[in-house]
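Text of work37.cif (mmCIF, C-alpha atoms (C1' of nucleotides); chains and numbers go by the auth columns) as supplied:
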data_work
#
loop_
_atom_site.group_PDB
_atom_site.id
_atom_site.type_symbol
_atom_site.label_atom_id
_atom_site.label_comp_id
_atom_site.label_asym_id
_atom_site.label_seq_id
_atom_site.Cartn_x
_atom_site.Cartn_y
_atom_site.Cartn_z
_atom_site.B_iso_or_equiv
_atom_site.auth_seq_id
_atom_site.auth_asym_id
ATOM 1 C CA MET A 1 1.478 260.712 -17.932 0.00 4 G
ATOM 2 C CA ILE A 2 4.789 259.913 -19.639 0.00 5 G
ATOM 3 C CA TRP A 3 5.686 263.562 -20.098 0.00 6 G
ATOM 4 C CA GLU A 4 4.879 264.230 -16.433 0.00 7 G
ATOM 5 C CA VAL A 5 7.173 261.403 -15.381 0.00 8 G
ATOM 6 C CA TYR A 6 9.956 262.997 -17.411 0.00 9 G
ATOM 7 C CA GLN A 7 9.349 266.411 -15.827 0.00 10 G
ATOM 8 C CA LYS A 8 9.300 264.850 -12.376 0.00 11 G
ATOM 9 C CA LEU A 9 12.619 263.049 -12.918 0.00 12 G
ATOM 10 C CA LEU A 10 14.176 266.187 -14.381 0.00 13 G
ATOM 11 C CA THR A 11 13.235 268.268 -11.359 0.00 14 G
ATOM 12 C CA THR A 12 14.388 265.546 -8.983 0.00 15 G
ATOM 13 C CA TYR A 13 17.777 264.755 -10.491 0.00 16 G
ATOM 14 C CA GLY A 14 18.583 267.571 -12.939 0.00 17 G
ATOM 15 C CA LYS A 15 20.196 267.141 -16.344 0.00 18 G
ATOM 16 C CA GLN A 16 22.534 264.173 -16.876 0.00 19 G
ATOM 17 C CA TYR A 17 24.261 265.240 -20.118 0.00 20 G
ATOM 18 C CA TRP A 18 24.592 261.760 -21.603 0.00 21 G
ATOM 19 C CA TRP A 19 26.340 260.002 -23.365 0.00 22 G
ATOM 20 C CA PRO A 20 29.781 260.165 -21.697 0.00 23 G
ATOM 21 C CA ALA A 21 31.994 259.913 -24.791 0.00 24 G
ATOM 22 C CA GLU A 22 34.315 262.230 -26.685 0.00 25 G
ATOM 23 C CA THR A 23 33.249 261.354 -30.220 0.00 26 G
ATOM 24 C CA PRO A 24 30.210 259.835 -31.982 0.00 27 G
ATOM 25 C CA PHE A 25 32.308 256.790 -32.863 0.00 28 G
ATOM 26 C CA GLU A 26 33.165 256.320 -29.215 0.00 29 G
ATOM 27 C CA VAL A 27 29.431 256.298 -28.488 0.00 30 G
ATOM 28 C CA CYS A 28 29.022 253.462 -31.000 0.00 31 G
ATOM 29 C CA ILE A 29 31.869 251.474 -29.445 0.00 32 G
ATOM 30 C CA GLY A 30 30.423 252.004 -25.989 0.00 33 G
ATOM 31 C CA ALA A 31 26.938 250.963 -27.098 0.00 34 G
ATOM 32 C CA ILE A 32 28.245 247.556 -28.129 0.00 35 G
ATOM 33 C CA LEU A 33 30.679 247.061 -25.288 0.00 36 G
ATOM 34 C CA THR A 34 28.061 247.858 -22.655 0.00 37 G
ATOM 35 C CA GLN A 35 25.786 244.992 -23.683 0.00 38 G
ATOM 36 C CA ASN A 36 25.005 243.028 -20.528 0.00 39 G
ATOM 37 C CA THR A 37 27.861 244.687 -18.674 0.00 40 G
ATOM 38 C CA ASN A 38 28.210 247.582 -16.296 0.00 41 G
ATOM 39 C CA TRP A 39 29.712 250.858 -17.427 0.00 42 G
ATOM 40 C CA GLN A 40 32.763 250.705 -15.175 0.00 43 G
ATOM 41 C CA ASN A 41 34.066 247.700 -17.070 0.00 44 G
ATOM 42 C CA VAL A 42 33.281 249.334 -20.406 0.00 45 G
ATOM 43 C CA GLU A 43 35.354 252.369 -19.451 0.00 46 G
ATOM 44 C CA LYS A 44 38.408 250.200 -18.878 0.00 47 G
ATOM 45 C CA ALA A 45 37.974 248.632 -22.297 0.00 48 G
ATOM 46 C CA ILE A 46 37.592 252.050 -23.955 0.00 49 G
ATOM 47 C CA GLN A 47 40.665 253.365 -22.151 0.00 50 G
ATOM 48 C CA ASN A 48 42.626 250.379 -23.439 0.00 51 G
ATOM 49 C CA LEU A 49 41.539 251.141 -26.997 0.00 52 G
ATOM 50 C CA LYS A 50 42.462 254.815 -26.631 0.00 53 G
ATOM 51 C CA LYS A 51 45.837 253.908 -25.162 0.00 54 G
ATOM 52 C CA HIS A 52 46.564 251.987 -28.344 0.00 55 G
ATOM 53 C CA ASP A 53 45.126 254.786 -30.472 0.00 56 G
ATOM 54 C CA ILE A 54 42.308 252.607 -31.785 0.00 57 G
ATOM 55 C CA THR A 55 39.733 255.340 -32.179 0.00 58 G
ATOM 56 C CA THR A 56 38.428 255.010 -35.733 0.00 59 G
ATOM 57 C CA PRO A 57 36.558 252.350 -37.736 0.00 60 G
ATOM 58 C CA GLU A 58 39.656 251.888 -39.899 0.00 61 G
ATOM 59 C CA LYS A 59 41.821 251.102 -36.909 0.00 62 G
ATOM 60 C CA ILE A 60 39.292 248.676 -35.431 0.00 63 G
ATOM 61 C CA LEU A 61 39.352 246.770 -38.717 0.00 64 G
ATOM 62 C CA THR A 62 43.131 246.695 -39.037 0.00 65 G
ATOM 63 C CA THR A 63 43.683 245.596 -35.436 0.00 66 G
ATOM 64 C CA PRO A 64 44.195 241.816 -35.254 0.00 67 G
ATOM 65 C CA THR A 65 41.238 240.097 -33.629 0.00 68 G
ATOM 66 C CA HIS A 66 43.289 238.572 -30.819 0.00 69 G
ATOM 67 C CA LYS A 67 44.700 241.974 -29.898 0.00 70 G
ATOM 68 C CA LEU A 68 41.255 243.579 -29.991 0.00 71 G
ATOM 69 C CA GLN A 69 39.916 240.811 -27.757 0.00 72 G
ATOM 70 C CA LEU A 70 42.675 241.355 -25.237 0.00 73 G
ATOM 71 C CA LEU A 71 41.990 245.100 -25.049 0.00 74 G
ATOM 72 C CA ILE A 72 38.225 244.872 -24.601 0.00 75 G
ATOM 73 C CA LYS A 73 38.393 241.922 -22.247 0.00 76 G
ATOM 74 C CA PRO A 74 37.323 243.944 -19.168 0.00 77 G
ATOM 75 C CA ALA A 75 33.896 244.484 -20.738 0.00 78 G
ATOM 76 C CA GLY A 76 33.256 240.727 -20.990 0.00 79 G
ATOM 77 C CA PHE A 77 31.931 238.681 -23.939 0.00 80 G
ATOM 78 C CA TYR A 78 35.121 239.746 -25.652 0.00 81 G
ATOM 79 C CA LYS A 79 35.047 237.104 -28.392 0.00 82 G
ATOM 80 C CA GLN A 80 31.604 238.143 -29.634 0.00 83 G
ATOM 81 C CA LYS A 81 32.082 241.833 -29.033 0.00 84 G
ATOM 82 C CA SER A 82 35.379 242.032 -30.926 0.00 85 G
ATOM 83 C CA GLN A 83 33.553 240.702 -33.985 0.00 86 G
ATOM 84 C CA TYR A 84 30.606 243.023 -33.360 0.00 87 G
ATOM 85 C CA LEU A 85 32.953 246.018 -33.278 0.00 88 G
ATOM 86 C CA LYS A 86 34.416 244.969 -36.614 0.00 89 G
ATOM 87 C CA ASN A 87 30.931 244.476 -38.101 0.00 90 G
ATOM 88 C CA LEU A 88 29.922 247.957 -36.967 0.00 91 G
ATOM 89 C CA SER A 89 33.149 249.521 -38.253 0.00 92 G
ATOM 90 C CA ALA A 90 32.692 247.909 -41.657 0.00 93 G
ATOM 91 C CA PHE A 91 29.133 249.217 -41.783 0.00 94 G
ATOM 92 C CA LEU A 92 30.244 252.750 -40.983 0.00 95 G
ATOM 93 C CA LEU A 93 32.946 252.686 -43.646 0.00 96 G
ATOM 94 C CA GLN A 94 30.495 251.403 -46.250 0.00 97 G
ATOM 95 C CA ASN A 95 28.495 254.521 -45.606 0.00 98 G
ATOM 96 C CA LYS A 96 31.526 256.828 -45.817 0.00 99 G
ATOM 97 C CA ASN A 97 31.371 258.235 -42.299 0.00 100 G
ATOM 98 C CA ILE A 98 29.155 259.105 -39.383 0.00 101 G
ATOM 99 C CA GLU A 99 28.384 262.639 -40.543 0.00 102 G
ATOM 100 C CA ASN A 100 27.159 261.252 -43.841 0.00 103 G
ATOM 101 C CA LEU A 101 24.879 258.790 -42.051 0.00 104 G
ATOM 102 C CA LYS A 102 23.153 261.572 -40.143 0.00 105 G
ATOM 103 C CA LYS A 103 21.621 262.814 -43.376 0.00 106 G
ATOM 104 C CA GLU A 104 19.679 259.599 -43.886 0.00 107 G
ATOM 105 C CA ASN A 105 16.059 259.038 -42.972 0.00 108 G
ATOM 106 C CA THR A 106 15.777 257.792 -39.390 0.00 109 G
ATOM 107 C CA GLU A 107 13.654 254.686 -40.002 0.00 110 G
ATOM 108 C CA THR A 108 15.706 253.423 -42.960 0.00 111 G
ATOM 109 C CA LEU A 109 18.870 254.020 -40.981 0.00 112 G
ATOM 110 C CA ARG A 110 17.468 252.043 -38.070 0.00 113 G
ATOM 111 C CA LYS A 111 16.643 249.116 -40.334 0.00 114 G
ATOM 112 C CA LYS A 112 20.163 249.171 -41.761 0.00 115 G
ATOM 113 C CA LEU A 113 21.702 249.209 -38.285 0.00 116 G
ATOM 114 C CA LEU A 114 19.574 246.252 -37.197 0.00 117 G
ATOM 115 C CA LYS A 115 20.977 244.186 -40.061 0.00 118 G
ATOM 116 C CA VAL A 116 24.468 244.470 -38.579 0.00 119 G
ATOM 117 C CA LYS A 117 25.178 241.347 -36.524 0.00 120 G
ATOM 118 C CA GLY A 118 25.642 242.424 -32.947 0.00 121 G
ATOM 119 C CA ILE A 119 23.299 245.392 -33.075 0.00 122 G
ATOM 120 C CA GLY A 120 19.882 244.751 -31.581 0.00 123 G
ATOM 121 C CA LYS A 121 17.115 247.261 -30.972 0.00 124 G
ATOM 122 C CA GLU A 122 18.466 248.839 -27.820 0.00 125 G
ATOM 123 C CA THR A 123 21.962 249.198 -29.230 0.00 126 G
ATOM 124 C CA ALA A 124 20.647 250.544 -32.535 0.00 127 G
ATOM 125 C CA ASP A 125 18.517 253.138 -30.781 0.00 128 G
ATOM 126 C CA SER A 126 21.375 254.186 -28.486 0.00 129 G
ATOM 127 C CA ILE A 127 23.527 254.798 -31.545 0.00 130 G
ATOM 128 C CA LEU A 128 20.738 256.653 -33.356 0.00 131 G
ATOM 129 C CA LEU A 129 20.021 258.903 -30.401 0.00 132 G
ATOM 130 C CA TYR A 130 23.436 259.554 -28.884 0.00 133 G
ATOM 131 C CA ALA A 131 25.781 259.235 -31.868 0.00 134 G
ATOM 132 C CA LEU A 132 23.607 260.294 -34.794 0.00 135 G
ATOM 133 C CA ASP A 133 21.376 262.822 -33.017 0.00 136 G
ATOM 134 C CA LYS A 134 18.133 261.223 -34.142 0.00 137 G
ATOM 135 C CA GLU A 135 14.940 261.718 -32.136 0.00 138 G
ATOM 136 C CA ILE A 136 14.499 258.096 -31.067 0.00 139 G
ATOM 137 C CA PHE A 137 13.765 256.859 -27.589 0.00 140 G
ATOM 138 C CA VAL A 138 15.852 254.040 -26.106 0.00 141 G
ATOM 139 C CA ILE A 139 13.962 251.340 -24.217 0.00 142 G
ATOM 140 C CA ASP A 140 15.824 249.204 -21.694 0.00 143 G
ATOM 141 C CA ALA A 141 15.009 246.903 -18.784 0.00 144 G
ATOM 142 C CA TYR A 142 14.842 249.912 -16.430 0.00 145 G
ATOM 143 C CA THR A 143 12.266 251.646 -18.620 0.00 146 G
ATOM 144 C CA LYS A 144 10.126 248.526 -18.766 0.00 147 G
ATOM 145 C CA ARG A 145 10.298 248.096 -15.006 0.00 148 G
ATOM 146 C CA LEU A 146 9.504 251.707 -14.175 0.00 149 G
ATOM 147 C CA PHE A 147 6.619 251.967 -16.628 0.00 150 G
ATOM 148 C CA HIS A 148 5.187 248.734 -15.322 0.00 151 G
ATOM 149 C CA ARG A 149 5.341 249.942 -11.747 0.00 152 G
ATOM 150 C CA LEU A 150 3.699 253.208 -12.696 0.00 153 G
ATOM 151 C CA LYS A 151 1.036 251.090 -14.403 0.00 154 G
ATOM 152 C CA ILE A 152 1.689 252.759 -17.738 0.00 155 G
ATOM 153 C CA THR A 153 2.064 249.241 -19.140 0.00 156 G
ATOM 154 C CA LYS A 154 0.326 246.012 -18.153 0.00 157 G
ATOM 155 C CA LYS A 155 3.261 243.638 -18.577 0.00 158 G
ATOM 156 C CA GLU A 156 6.790 244.065 -17.262 0.00 159 G
ATOM 157 C CA ASN A 157 8.091 242.666 -20.537 0.00 160 G
ATOM 158 C CA GLU A 158 6.116 244.879 -22.898 0.00 161 G
ATOM 159 C CA ASN A 159 6.837 244.851 -26.635 0.00 162 G
ATOM 160 C CA TYR A 160 9.902 247.000 -27.402 0.00 163 G
ATOM 161 C CA ASP A 161 8.641 248.990 -30.362 0.00 164 G
ATOM 162 C CA LYS A 162 5.198 249.440 -28.843 0.00 165 G
ATOM 163 C CA LEU A 163 6.780 251.027 -25.774 0.00 166 G
ATOM 164 C CA ARG A 164 9.126 253.152 -27.845 0.00 167 G
ATOM 165 C CA GLN A 165 6.298 254.514 -29.942 0.00 168 G
ATOM 166 C CA LEU A 166 4.309 255.244 -26.793 0.00 169 G
ATOM 167 C CA VAL A 167 7.072 257.520 -25.532 0.00 170 G
ATOM 168 C CA GLU A 168 7.767 259.067 -28.926 0.00 171 G
ATOM 169 C CA LYS A 169 4.071 259.865 -29.435 0.00 172 G
ATOM 170 C CA SER A 170 3.882 261.615 -26.081 0.00 173 G
ATOM 171 C CA PHE A 171 7.136 263.487 -26.743 0.00 174 G
ATOM 172 C CA LYS A 172 5.967 264.722 -30.135 0.00 175 G
ATOM 173 C CA GLU A 173 2.772 266.043 -28.584 0.00 176 G
ATOM 174 C CA HIS A 174 4.833 268.069 -26.162 0.00 177 G
ATOM 175 C CA ASN A 175 7.222 269.335 -28.842 0.00 178 G
ATOM 176 C CA ALA A 176 10.167 267.619 -27.183 0.00 179 G
ATOM 177 C CA THR A 177 13.673 268.445 -28.334 0.00 180 G
ATOM 178 C CA LEU A 178 16.501 266.036 -29.131 0.00 181 G
ATOM 179 C CA GLU A 179 17.924 266.840 -25.724 0.00 182 G
ATOM 180 C CA ASP A 180 14.687 265.737 -24.047 0.00 183 G
ATOM 181 C CA TYR A 181 14.981 262.296 -25.647 0.00 184 G
ATOM 182 C CA LYS A 182 18.559 262.002 -24.412 0.00 185 G
ATOM 183 C CA GLU A 183 17.800 263.228 -20.918 0.00 186 G
ATOM 184 C CA PHE A 184 14.735 261.083 -20.301 0.00 187 G
ATOM 185 C CA HIS A 185 16.578 257.838 -20.966 0.00 188 G
ATOM 186 C CA ALA A 186 19.542 258.947 -18.866 0.00 189 G
ATOM 187 C CA LEU A 187 17.236 259.985 -16.025 0.00 190 G
ATOM 188 C CA ILE A 188 15.415 256.653 -16.031 0.00 191 G
ATOM 189 C CA VAL A 189 18.730 254.835 -15.706 0.00 192 G
ATOM 190 C CA LYS A 190 19.866 257.080 -12.875 0.00 193 G
ATOM 191 C CA HIS A 191 16.576 256.810 -11.025 0.00 194 G
ATOM 192 C CA CYS A 192 16.258 253.051 -11.364 0.00 195 G
ATOM 193 C CA LYS A 193 19.833 252.364 -10.328 0.00 196 G
ATOM 194 C CA GLU A 194 19.404 254.450 -7.206 0.00 197 G
ATOM 195 C CA LYS A 195 15.782 254.054 -6.195 0.00 198 G
ATOM 196 C CA CYS A 196 13.733 251.709 -8.339 0.00 199 G
ATOM 197 C CA ARG A 197 15.377 248.456 -7.228 0.00 200 G
ATOM 198 C CA LYS A 198 14.497 245.030 -8.515 0.00 201 G
ATOM 199 C CA LYS A 199 13.725 243.671 -5.061 0.00 202 G
ATOM 200 C CA PRO A 200 11.529 244.239 -3.245 0.00 203 G
ATOM 201 C CA THR A 201 8.700 245.207 -5.544 0.00 204 G
ATOM 202 C CA CYS A 202 7.285 248.675 -5.149 0.00 205 G
ATOM 203 C CA GLU A 203 3.637 248.666 -4.023 0.00 206 G
ATOM 204 C CA ASN A 204 2.856 252.347 -3.958 0.00 207 G
ATOM 205 C CA CYS A 205 4.633 253.615 -7.003 0.00 208 G
ATOM 206 C CA SER A 206 3.007 256.772 -8.349 0.00 209 G
ATOM 207 C CA LEU A 207 3.953 259.949 -10.144 0.00 210 G
ATOM 208 C CA GLU A 208 4.320 261.791 -6.840 0.00 211 G
ATOM 209 C CA ASN A 209 6.262 258.985 -5.245 0.00 212 G
ATOM 210 C CA LEU A 210 8.450 257.451 -7.937 0.00 213 G
ATOM 211 C CA CYS A 211 9.618 254.059 -6.639 0.00 214 G
ATOM 212 C CA MET A 212 11.348 255.557 -3.649 0.00 215 G
ATOM 213 C CA ILE A 213 12.540 252.257 -2.257 0.00 216 G
ATOM 214 C CA LYS A 214 15.473 252.769 0.029 0.00 217 G
ATOM 215 C "C1'" DC B 1 10.891 230.844 -25.653 0.00 2 I
ATOM 216 C "C1'" DA B 2 14.900 228.911 -23.318 0.00 3 I
ATOM 217 C "C1'" DC B 3 19.415 229.155 -23.403 0.00 4 I
ATOM 218 C "C1'" DC B 4 23.988 230.751 -24.085 0.00 5 I
ATOM 219 C "C1'" DA B 5 27.848 234.012 -24.870 0.00 6 I
ATOM 220 C "C1'" DG B 6 32.677 236.050 -20.069 0.00 7 I
ATOM 221 C "C1'" DG B 7 34.297 238.996 -16.947 0.00 8 I
ATOM 222 C "C1'" DA B 8 34.364 242.138 -13.067 0.00 9 I
ATOM 223 C "C1'" DA B 9 32.091 244.502 -9.166 0.00 10 I
ATOM 224 C "C1'" DT B 10 29.305 244.026 -5.359 0.00 11 I
ATOM 225 C "C1'" DG B 11 26.831 241.643 -1.721 0.00 12 I
ATOM 226 C "C1'" DT B 12 26.404 237.977 1.750 0.00 13 I
ATOM 227 C "C1'" DA B 13 27.917 234.765 5.327 0.00 14 I
ATOM 228 C "C1'" DT C 1 37.559 232.795 1.320 0.00 18 R
ATOM 229 C "C1'" DA C 2 33.590 230.861 -1.074 0.00 19 R
ATOM 230 C "C1'" DC C 3 29.557 231.591 -3.372 0.00 20 R
ATOM 231 C "C1'" DA C 4 25.630 234.152 -5.521 0.00 21 R
ATOM 232 C "C1'" DT C 5 23.831 238.053 -7.993 0.00 22 R
ATOM 233 C "C1'" DT C 6 23.939 241.804 -11.016 0.00 23 R
ATOM 234 C "C1'" DC C 7 25.286 244.569 -14.913 0.00 24 R
ATOM 235 C "C1'" DA C 8 23.464 250.747 -20.592 0.00 25 R
ATOM 236 C "C1'" DT C 9 21.819 242.581 -24.393 0.00 26 R
ATOM 237 C "C1'" DG C 10 21.737 239.996 -28.704 0.00 27 R
ATOM 238 C "C1'" DG C 11 21.798 235.740 -31.390 0.00 28 R
ATOM 239 C "C1'" DT C 12 20.465 231.054 -32.121 0.00 29 R
#

Rewrite the coordinates I just gave you, this time as structure tokens.
Amino acid sequence: MIWEVYQKLLTTYGKQYWWPAETPFEVCIGAILTQNTNWQNVEKAIQNLKKHDITTPEKILTTPTHKLQLLIKPAGFYKQKSQYLKNLSAFLLQNKNIENLKKENTETLRKKLLKVKGIGKETADSILLYALDKEIFVIDAYTKRLFHRLKITKKENENYDKLRQLVEKSFKEHNATLEDYKEFHALIVKHCKEKCRKKPTCENCSLENLCMIK
DNA sequence: CACCAGGAATGTA
DNA sequence: TACATTCATGGT
């Protein structure tokens, strides 16, 4: 069922080519800045950082906190997020660099990321998938909502890791590629933003008719 | 498990 | 203009 949903979305919308960022480090920055915020506001924050040539973990750490806060302000929660960005940068430097991190085992890497204050499951998995090219599936509120409507899950607020493993199991059985993991998450976001609205609830959501609420 | 952490865009009247 | 809701969440 899950694989069919992916195929259906792919035919409907085509490839999305996520994540919109120039470097793996920019993906990491974006993953933190986008927490509880829309992407438009994140882009402004990222542009501000680029304008001031703050594009590496070293530069994030050497930028004074008040200046960093000012630059990322458009993305909201700037006091927390400025600290989160520094936590993440310090973590990356401890492990030499991003390329070096890619060599590590996926599950141990995930556990290490989750220890960084400011990185929860969704953020960790976004970084693993889109910055470190690990075959991990990212679960978000859209995924939970869509799967619930398709009756793949019983509860709207299903357990994160249970859901993730459900998708990963199905993907492994179909010999999915890294690109498939990236595309499926991107497609769910696109579909839900456009069609699978929060209100009203979708009564006749099926594989053939994926939450086509106007 | 409830609550809190800002700011900006969008919708509504 | 005033007010409410929503947004690629995580920590306490």

Write out as JSON lines the residues of chain I that have any atom within 9 Å of an atom of chain G, one row each with the nearest atom pair and its distance in Å to one decimal, counting all atoms listed in the file, sorted by chain and then rising number.
{"residue": "I:DA6", "atom": "C1'", "partner": "G:Phe80", "partner_atom": "CA", "distance": 6.3}
{"residue": "I:DG7", "atom": "C1'", "partner": "G:Phe80", "partner_atom": "CA", "distance": 4.7}
{"residue": "I:DG8", "atom": "C1'", "partner": "G:Gly79", "partner_atom": "CA", "distance": 4.5}
{"residue": "I:DA9", "atom": "C1'", "partner": "G:Asn44", "partner_atom": "CA", "distance": 6.9}
{"residue": "I:DA10", "atom": "C1'", "partner": "G:Gln43", "partner_atom": "CA", "distance": 8.7}

Restrict the distance test to all atoms listed in the file, flag each residue of chain R within 6 Å of chain G, and return the flagged residues as an mmCIF file with C-alpha atoms (C1' of nucleotides), in the frame of the given file.
data_model
loop_
_atom_site.group_PDB
_atom_site.id
_atom_site.type_symbol
_atom_site.label_atom_id
_atom_site.label_comp_id
_atom_site.auth_asym_id
_atom_site.auth_seq_id
_atom_site.Cartn_x
_atom_site.Cartn_y
_atom_site.Cartn_z
ATOM 1 C "C1'" DC R 24 25.286 244.569 -14.913
ATOM 2 C "C1'" DA R 25 23.464 250.747 -20.592
ATOM 3 C "C1'" DT R 26 21.819 242.581 -24.393
ATOM 4 C "C1'" DG R 27 21.737 239.996 -28.704
#

For this session: List the residues selected by the PyMOL selection byres ((chain G and resi 51) around 12) in the file shown, writing them as a ChimeraX atom specification.
Result: /G:44-50,52-58,70-78

Exercise. So what do you get for atom CA of Glu159 of chain G versus atom CA of Lys185 of chain G, distance-wise?
Worked result: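 It comes out at 22.6 Å.
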
Mind telling me what the PyMOL selection byres ((chain G and resi 11) around 12) catches here, as a PDB file with C-alpha atoms, in the frame of the given file?
ATOM      1  CA  MET G   4       1.478 260.712 -17.932  1.00  0.00           C
ATOM      2  CA  ILE G   5       4.789 259.913 -19.639  1.00  0.00           C
ATOM      3  CA  TRP G   6       5.686 263.562 -20.098  1.00  0.00           C
ATOM      4  CA  GLU G   7       4.879 264.230 -16.433  1.00  0.00           C
ATOM      5  CA  VAL G   8       7.173 261.403 -15.381  1.00  0.00           C
ATOM      6  CA  TYR G   9       9.956 262.997 -17.411  1.00  0.00           C
ATOM      7  CA  GLN G  10       9.349 266.411 -15.827  1.00  0.00           C
ATOM      8  CA  LEU G  12      12.619 263.049 -12.918  1.00  0.00           C
ATOM      9  CA  LEU G  13      14.176 266.187 -14.381  1.00  0.00           C
ATOM     10  CA  THR G  14      13.235 268.268 -11.359  1.00  0.00           C
ATOM     11  CA  THR G  15      14.388 265.546  -8.983  1.00  0.00           C
ATOM     12  CA  TYR G  16      17.777 264.755 -10.491  1.00  0.00           C
ATOM     13  CA  GLY G  17      18.583 267.571 -12.939  1.00  0.00           C
ATOM     14  CA  LYS G  18      20.196 267.141 -16.344  1.00  0.00           C
ATOM     15  CA  PHE G 187      14.735 261.083 -20.301  1.00  0.00           C
ATOM     16  CA  LEU G 190      17.236 259.985 -16.025  1.00  0.00           C
ATOM     17  CA  ILE G 191      15.415 256.653 -16.031  1.00  0.00           C
ATOM     18  CA  HIS G 194      16.576 256.810 -11.025  1.00  0.00           C
ATOM     19  CA  SER G 209       3.007 256.772  -8.349  1.00  0.00           C
ATOM     20  CA  LEU G 210       3.953 259.949 -10.144  1.00  0.00           C
ATOM     21  CA  GLU G 211       4.320 261.791  -6.840  1.00  0.00           C
ATOM     22  CA  ASN G 212       6.262 258.985  -5.245  1.00  0.00           C
ATOM     23  CA  LEU G 213       8.450 257.451  -7.937  1.00  0.00           C
TER      24      LEU G 213
END

Exercise. With all atoms listed in the file as the basis for distance, which of G:Ile63, G:Leu117, G:Glu182, G:Leu169 is at the shortest distance from Phe150 of chain G?
Worked result: G:Leu169

Starting from the PyMOL selection byres ((chain R and resi 20) around 9), expand the selection into actual residues of this file and give them as a short mmCIF file (atom, residue, chain, number, x, y, z; two decimals) with C-alpha atoms (C1' of nucleotides), in the frame of the given file.
data_model
loop_
_atom_site.label_atom_id
_atom_site.label_comp_id
_atom_site.auth_asym_id
_atom_site.auth_seq_id
_atom_site.Cartn_x
_atom_site.Cartn_y
_atom_site.Cartn_z
"C1'" DT I 13 26.40 237.98 1.75
"C1'" DA R 19 33.59 230.86 -1.07
"C1'" DA R 21 25.63 234.15 -5.52
#

Exercise. How many Å separate atom CA of Ala134 of chain G from atom CA of Val30 of chain G?
Worked result: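 Atom CA of Val30 of chain G lies at a distance of 5.8 Å from atom CA of Ala134 of chain G.
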
For this session: Quote the spacing between atom CA of Ile142 of chain G and atom CA of Arg167 of chain G in Å to one decimal place.
Result: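 Between atom CA of Ile142 of chain G and atom CA of Arg167 of chain G the gap works out to 6.3 Å.
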
For this session: Place a sphere of radius 8 Å on (24.4, 232.3, -28.4) in the file coordinates and name every protein, DNA or RNA residue with an atom inside or on its surface, counting only C-alpha atoms (C1' of nucleotides); give the answer as an NGL selection string.
Result: (:I and (4-6)) or (:R and (28-29))

Find the smallest box with edges along x, y and z containing every listed atom of segment 4-9 of chain I, then add 6 Å on each side and report centre and edge lengths in Å to one decimal, as JSON.
{"center_x": 26.9, "center_y": 235.6, "center_z": -19.0, "size_x": 26.9, "size_y": 25.0, "size_z": 23.8}
